[in-house]
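J.: Let me begin by handing over the structure; questions about it come next.
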Amino acid sequence: MKAWIIRKGSTSLDGLQPIERPDPAPAGREILVRMQAASINYRDQVIATGRYFNQEVAVDTVPLSDGAGEVVAAGPEVRRFRTGDRILGTFFRDWIDGPPPAVGRVTALGQSGVDGVLAEHVVFHEDNAVRIPGYLSFEEAACLPCAALTAWNSLVTQGRIRQGQSVLTLGTGGVSIAALQFAKANGARVIITSSSDAKLEKARGLGADELINYVRTPEWDRAVLEVTGGKGVDHIIEVGGLGTLARSFQAIGVGGKIALIGFLAGQEGEYATRNLMGKWARLQGIMVGNRTMLEEMLGAMEVNAIRPVIDRVFDFNEAPEAYRHEFAGRHFGKVVIAI
Ligand SMILES: NC(=O)c1ccc[n+]([C@@H]2O[C@H](COP(=O)([O-])OP(=O)(O)OC[C@H]3O[C@@H](n4cnc5c(N)ncnc54)[C@H](OP(=O)(O)O)[C@@H]3O)[C@@H](O)[C@H]2O)c1
């Protein structure tokens with residue numbers, strides 16, 4: 001079969017290379033999946049360039065955590081799936097339910113020797129896969145295991161979002177656009193920021209209520225306070241990290257919840273913790289989510305007919321171009337590779 005790997009020690013996209021490998025075979029409770037589509041997350045560009053939590057790529061690894069395909073063979077002990085089922089792999093292996101396992105005890109696909117999904121065939125343990133609802137295409141389903149689940153966990157599972165609340169989501173990448181969709185489906189008012197007016201208009205088309213260009217309005221926290229009558233918001237999808245946190249502390253309302261998710265705006269910054277204290281606000285770290293959350297999210301998406309927003313689909317042999325498109329940050333929503 002054909003696959004792509006990120007070479008050991010990779011520091012640039014030159015490390016992303018095509019290979020030929022024997023087809024894997026499923027044993028015990030494993031399923032063999034003919035992959036149909038995969039999607040790229042910001043994490044994947046950081047891994048490919050050897051900057052993921054300052055860890056270099058230790059061994060050659062098949063990249064990408066998020067993929068969808070069809071079961072073509074199953075080990076003798078498989079009970080959850082049959083040949084022909086359309087499945088989606090989970091981001092983490094072996095985190096089915098409940099709180100996250102201890103740090104270091106849970107592994108995610110596509111890093112540090114844990115092969116990901118950018119291959120024609122992939123073997124999953126049956127516990128690490130879920131069924132794709134019939135209304136979603138493989139390309140759409142491949143957008144969901146990391147970015148969308150992170151948004152769902154932040155707003156719904158941990159955030160317990162309620163009708164009429166307000167949500168601030170930063171930028172228009174995979175996590176933020178999924179957050180916009182989930183917030184609207186839950187009857188919330190959404191404020192979204194972007195560096196691009198054209199992307200803001202697209203966000204309006206998905207129901208965003210207030211649009212702020214964070215380049216033209218670098219003090220976007222003030223703009224958030226203005227449009228909320230000085231109250232601030234109930235939820236923030238914090239994908240910027242230390243580079244945006246100080247402003248999020250200003251923009252959050254009393255009793256609000258900040259889901260600390262990413263580091264798009266860098267790992268350096270200063271922030272005044274008293275702003276959080278005085279507002280009884282919460283800052284909660286989020287790491288994607290477990291399989292049960294993924295199943296709950298898929299159920300809610302089906303009822304609400306929510307379709308992931310795909311910016312562009314690339315062919316399997318165009319994987320480096322797909323990565324470059326994601327690296328450039330020109331996308332709105334998700335970048336997908338058809339396999
Ligand atoms: N903790 C977790 O479980 C988890 C899960 C998923 C992702 N993440 C992290 O969350 C972040 C987003 O991931 P993603 O896959 O959604 O990324 P993505 O799709 O690559 O999104 C990139 C977009 O972020 C926006 N952006 C960049 N710098 C920004 C800034 N200073 N302020 C506001 N927006 C900015 C830009 O939007 P515009 O073009 O509109 O300006 C850019 O297009 C990453 O740091 C990723 O590592 C964490």
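Here's how to read the names in the structure tokens: chain A, B, ... by the order shown, residue numbers from 1 in each chain, ligand numbers from 1 in the order shown.
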Distance limit 7 Å, reference ligand 1, atoms considered: only C-alpha atoms and all ligand atoms. Which residues make the cut? Give them as an MDAnalysis selection string.
T.: chainID A and resid 41:43 146:147 150 170:176 193:196 199 214 239:240 243:244 260:265 286:288 326 329:334
J.: Name the residues in contact with Val122 in chain A at a cut-off of 7 Å, using only C-alpha atoms, excluding same-chain residues fewer than 3 positions from it; report them as a compact mmCIF listing (two decimals) with C-alpha atoms, in the first residue's frame.
T.:
# COMPACT_ATOMS: atom_id res chain seq x y z
CA LEU A 32 -8.57 -3.16 8.76
CA VAL A 33 -9.82 0.09 7.27
CA ARG A 34 -9.52 1.23 3.66
CA MET A 35 -8.97 4.94 4.34
CA VAL A 117 -4.02 7.80 9.06
CA ALA A 119 -2.15 5.72 4.38
J.: Hey, what's within 12 Å of Leu298 in chain A if we count only C-alpha atoms and toss same-chain stuff fewer than 5 positions away? As a list in words, please?
T.: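 Counting only the stated atoms, we get Ile87, Leu88, Val130, Arg131, Ile132, Pro133, Gly134, Tyr135, Leu136, Glu140, Ala141, Cys143, Leu144, Pro145, Ala148, Leu149, Trp152, Phe182, Arg291, Thr292, Met293, Val303, Asn304, Ala305, Ile306, Arg307 and Pro308 of chain A.
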J.: Write out, as an mmCIF file, in the first residue's frame, the residues just selected, with N, CA and C atoms.
T.:
data_model
loop_
_atom_site.group_PDB
_atom_site.id
_atom_site.type_symbol
_atom_site.label_atom_id
_atom_site.label_comp_id
_atom_site.auth_asym_id
_atom_site.auth_seq_id
_atom_site.Cartn_x
_atom_site.Cartn_y
_atom_site.Cartn_z
ATOM 1 N N ILE A 87 -16.302 4.002 9.172
ATOM 2 C CA ILE A 87 -15.839 4.351 10.521
ATOM 3 C C ILE A 87 -14.896 5.562 10.515
ATOM 4 N N LEU A 88 -14.783 6.093 11.730
ATOM 5 C CA LEU A 88 -13.929 7.236 12.007
ATOM 6 C C LEU A 88 -13.024 6.820 13.160
ATOM 7 N N VAL A 130 -15.423 4.796 15.713
ATOM 8 C CA VAL A 130 -16.882 4.976 15.863
ATOM 9 C C VAL A 130 -17.511 4.962 14.469
ATOM 10 N N ARG A 131 -18.821 4.692 14.420
ATOM 11 C CA ARG A 131 -19.549 4.698 13.140
ATOM 12 C C ARG A 131 -19.771 6.112 12.657
ATOM 13 N N ILE A 132 -19.731 6.301 11.358
ATOM 14 C CA ILE A 132 -20.008 7.622 10.769
ATOM 15 C C ILE A 132 -21.509 7.713 10.481
ATOM 16 N N PRO A 133 -22.170 8.771 10.951
ATOM 17 C CA PRO A 133 -23.597 8.924 10.607
ATOM 18 C C PRO A 133 -23.776 8.955 9.082
ATOM 19 N N GLY A 134 -24.895 8.366 8.626
ATOM 20 C CA GLY A 134 -25.103 8.199 7.195
ATOM 21 C C GLY A 134 -25.105 9.486 6.390
ATOM 22 N N TYR A 135 -25.464 10.614 7.001
ATOM 23 C CA TYR A 135 -25.583 11.858 6.223
ATOM 24 C C TYR A 135 -24.227 12.515 5.934
ATOM 25 N N LEU A 136 -23.161 12.033 6.590
ATOM 26 C CA LEU A 136 -21.844 12.665 6.385
ATOM 27 C C LEU A 136 -21.017 11.897 5.358
ATOM 28 N N GLU A 140 -16.185 14.786 5.067
ATOM 29 C CA GLU A 140 -16.734 15.558 6.198
ATOM 30 C C GLU A 140 -16.393 14.882 7.525
ATOM 31 N N ALA A 141 -16.562 13.558 7.576
ATOM 32 C CA ALA A 141 -16.307 12.847 8.832
ATOM 33 C C ALA A 141 -14.848 13.004 9.264
ATOM 34 N N CYS A 143 -13.064 15.410 9.253
ATOM 35 C CA CYS A 143 -12.780 16.714 9.879
ATOM 36 C C CYS A 143 -12.982 16.693 11.392
ATOM 37 N N LEU A 144 -13.559 15.618 11.935
ATOM 38 C CA LEU A 144 -14.165 15.730 13.262
ATOM 39 C C LEU A 144 -13.366 15.273 14.481
ATOM 40 N N PRO A 145 -12.488 14.252 14.403
ATOM 41 C CA PRO A 145 -11.965 13.667 15.652
ATOM 42 C C PRO A 145 -11.189 14.632 16.546
ATOM 43 N N ALA A 148 -13.204 19.398 15.864
ATOM 44 C CA ALA A 148 -14.607 19.543 16.261
ATOM 45 C C ALA A 148 -14.826 19.027 17.676
ATOM 46 N N LEU A 149 -14.191 17.893 18.002
ATOM 47 C CA LEU A 149 -14.407 17.334 19.347
ATOM 48 C C LEU A 149 -13.861 18.272 20.423
ATOM 49 N N TRP A 152 -16.469 20.854 20.853
ATOM 50 C CA TRP A 152 -17.627 20.258 21.544
ATOM 51 C C TRP A 152 -17.344 20.101 23.041
ATOM 52 N N PHE A 182 -21.384 24.773 16.773
ATOM 53 C CA PHE A 182 -21.985 24.179 17.980
ATOM 54 C C PHE A 182 -22.649 25.261 18.839
ATOM 55 N N ARG A 291 -13.949 8.932 23.507
ATOM 56 C CA ARG A 291 -14.824 8.335 22.478
ATOM 57 C C ARG A 291 -16.298 8.589 22.765
ATOM 58 N N THR A 292 -16.657 8.564 24.017
ATOM 59 C CA THR A 292 -18.068 8.799 24.357
ATOM 60 C C THR A 292 -18.482 10.207 23.932
ATOM 61 N N MET A 293 -17.619 11.177 24.190
ATOM 62 C CA MET A 293 -17.924 12.553 23.758
ATOM 63 C C MET A 293 -18.059 12.613 22.240
ATOM 64 N N VAL A 303 -28.754 15.246 14.450
ATOM 65 C CA VAL A 303 -30.070 15.832 14.747
ATOM 66 C C VAL A 303 -30.143 17.261 14.210
ATOM 67 N N ASN A 304 -29.048 17.999 14.351
ATOM 68 C CA ASN A 304 -29.040 19.410 13.943
ATOM 69 C C ASN A 304 -28.547 19.607 12.503
ATOM 70 N N ALA A 305 -28.301 18.498 11.791
ATOM 71 C CA ALA A 305 -27.837 18.541 10.394
ATOM 72 C C ALA A 305 -26.616 19.454 10.224
ATOM 73 N N ILE A 306 -25.668 19.318 11.159
ATOM 74 C CA ILE A 306 -24.453 20.149 11.081
ATOM 75 C C ILE A 306 -23.425 19.436 10.197
ATOM 76 N N ARG A 307 -22.934 20.158 9.207
ATOM 77 C CA ARG A 307 -21.889 19.612 8.338
ATOM 78 C C ARG A 307 -20.591 20.374 8.578
ATOM 79 N N PRO A 308 -19.467 19.671 8.754
ATOM 80 C CA PRO A 308 -18.196 20.361 8.921
ATOM 81 C C PRO A 308 -17.908 21.251 7.714
#
J.: Which residues are close to Glu120 in chain A, i.e. within 10 Å by only C-alpha atoms, leaving aside same-chain residues fewer than 5 positions away? Reply as a PyMOL selection string.
T.: chain A and resi 1-4+21+23+33-37+69+316+339
J.: Kindly export the residues of the current selection with C-alpha atoms, as a PDB file, in the first residue's frame.
T.:
ATOM      1  CA  MET A   1       0.000   0.000   0.000  1.00  0.00           C
ATOM      2  CA  LYS A   2       0.942   3.655  -0.324  1.00  0.00           C
ATOM      3  CA  ALA A   3       1.450   5.847   2.731  1.00  0.00           C
ATOM      4  CA  TRP A   4       3.155   9.090   3.696  1.00  0.00           C
ATOM      5  CA  ARG A  21       4.536  -0.695   2.738  1.00  0.00           C
ATOM      6  CA  ASP A  23      -0.773  -4.060   3.678  1.00  0.00           C
ATOM      7  CA  VAL A  33      -9.824   0.085   7.269  1.00  0.00           C
ATOM      8  CA  ARG A  34      -9.524   1.233   3.656  1.00  0.00           C
ATOM      9  CA  MET A  35      -8.970   4.936   4.340  1.00  0.00           C
ATOM     10  CA  GLN A  36     -10.983   7.386   2.236  1.00  0.00           C
ATOM     11  CA  ALA A  37     -10.136  10.785   3.711  1.00  0.00           C
ATOM     12  CA  GLY A  69     -12.774   4.945   5.837  1.00  0.00           C
ATOM     13  CA  PHE A 316      -3.480  11.835  -1.753  1.00  0.00           C
ATOM     14  CA  ILE A 339      -7.203   8.991  -0.002  1.00  0.00           C
TER      15      ILE A 339
END
J.: Excluding Arg162 in chain A and residues on its chain fewer than 6 positions from it, collect all residues at most 9 Å away from it, counting only C-alpha atoms, and give them as a short mmCIF file (atom, residue, chain, number, x, y, z; two decimals) with N, CA and C atoms, in the first residue's frame.
T.:
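Wrote result-v6.cif, looks like this:
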data_model
loop_
_atom_site.label_atom_id
_atom_site.label_comp_id
_atom_site.auth_asym_id
_atom_site.auth_seq_id
_atom_site.Cartn_x
_atom_site.Cartn_y
_atom_site.Cartn_z
N VAL A 156 -19.74 22.17 25.26
CA VAL A 156 -20.87 21.36 25.69
C VAL A 156 -20.50 20.51 26.91
N ASN A 186 -26.67 25.58 19.83
CA ASN A 186 -27.10 25.63 21.22
C ASN A 186 -27.73 26.97 21.59
N GLY A 187 -28.09 27.75 20.58
CA GLY A 187 -28.83 28.98 20.84
C GLY A 187 -28.00 30.09 21.45
N ALA A 188 -26.70 30.10 21.18
CA ALA A 188 -25.83 31.14 21.76
C ALA A 188 -25.59 32.27 20.77
#
J.: As number ranges by chain, please: every residue in range 126-206 of chain A that DSSP puts in helix (DSSP H, G or I).
T.: A: 126-128, 138-141, 144-157, 174-185, 197-205
J.: Determine, counting only C-alpha atoms, which protein, DNA and RNA residues have an atom within 6 Å of an atom of Ser154 in chain A; residues of the same chain fewer than 4 positions away are not included. Present the result as a short mmCIF file (atom, residue, chain, number, x, y, z; two decimals) with N, CA and C atoms, in the first residue's frame.
T.:
data_model
loop_
_atom_site.label_atom_id
_atom_site.label_comp_id
_atom_site.auth_asym_id
_atom_site.auth_seq_id
_atom_site.Cartn_x
_atom_site.Cartn_y
_atom_site.Cartn_z
N GLN A 158 -17.65 20.23 28.93
CA GLN A 158 -17.12 20.99 30.07
C GLN A 158 -17.85 22.31 30.25
N GLY A 159 -18.16 22.98 29.11
CA GLY A 159 -18.71 24.34 29.18
C GLY A 159 -20.16 24.40 29.61
N ALA A 259 -11.86 28.18 27.65
CA ALA A 259 -11.29 26.87 27.33
C ALA A 259 -9.91 27.11 26.72
#
J.: Of the residues A:Gly299, A:Gly241, A:Pro76, A:Pro99, which is the one nearest to Glu126 in chain A, using only C-alpha atoms?
T.: A:Pro76
J.: To one decimal in Å, tell me the separation between CA of Val227 in chain A and CA of Gln165 in chain A.
T.: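 It comes out at 13.5 Å.
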J.: Rounded to one decimal, what separation in Å do you get between CA of Phe327 in chain A and CA of Gly207 in chain A?
T.: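 Separation between CA of Phe327 in chain A and CA of Gly207 in chain A: 26.5 Å.
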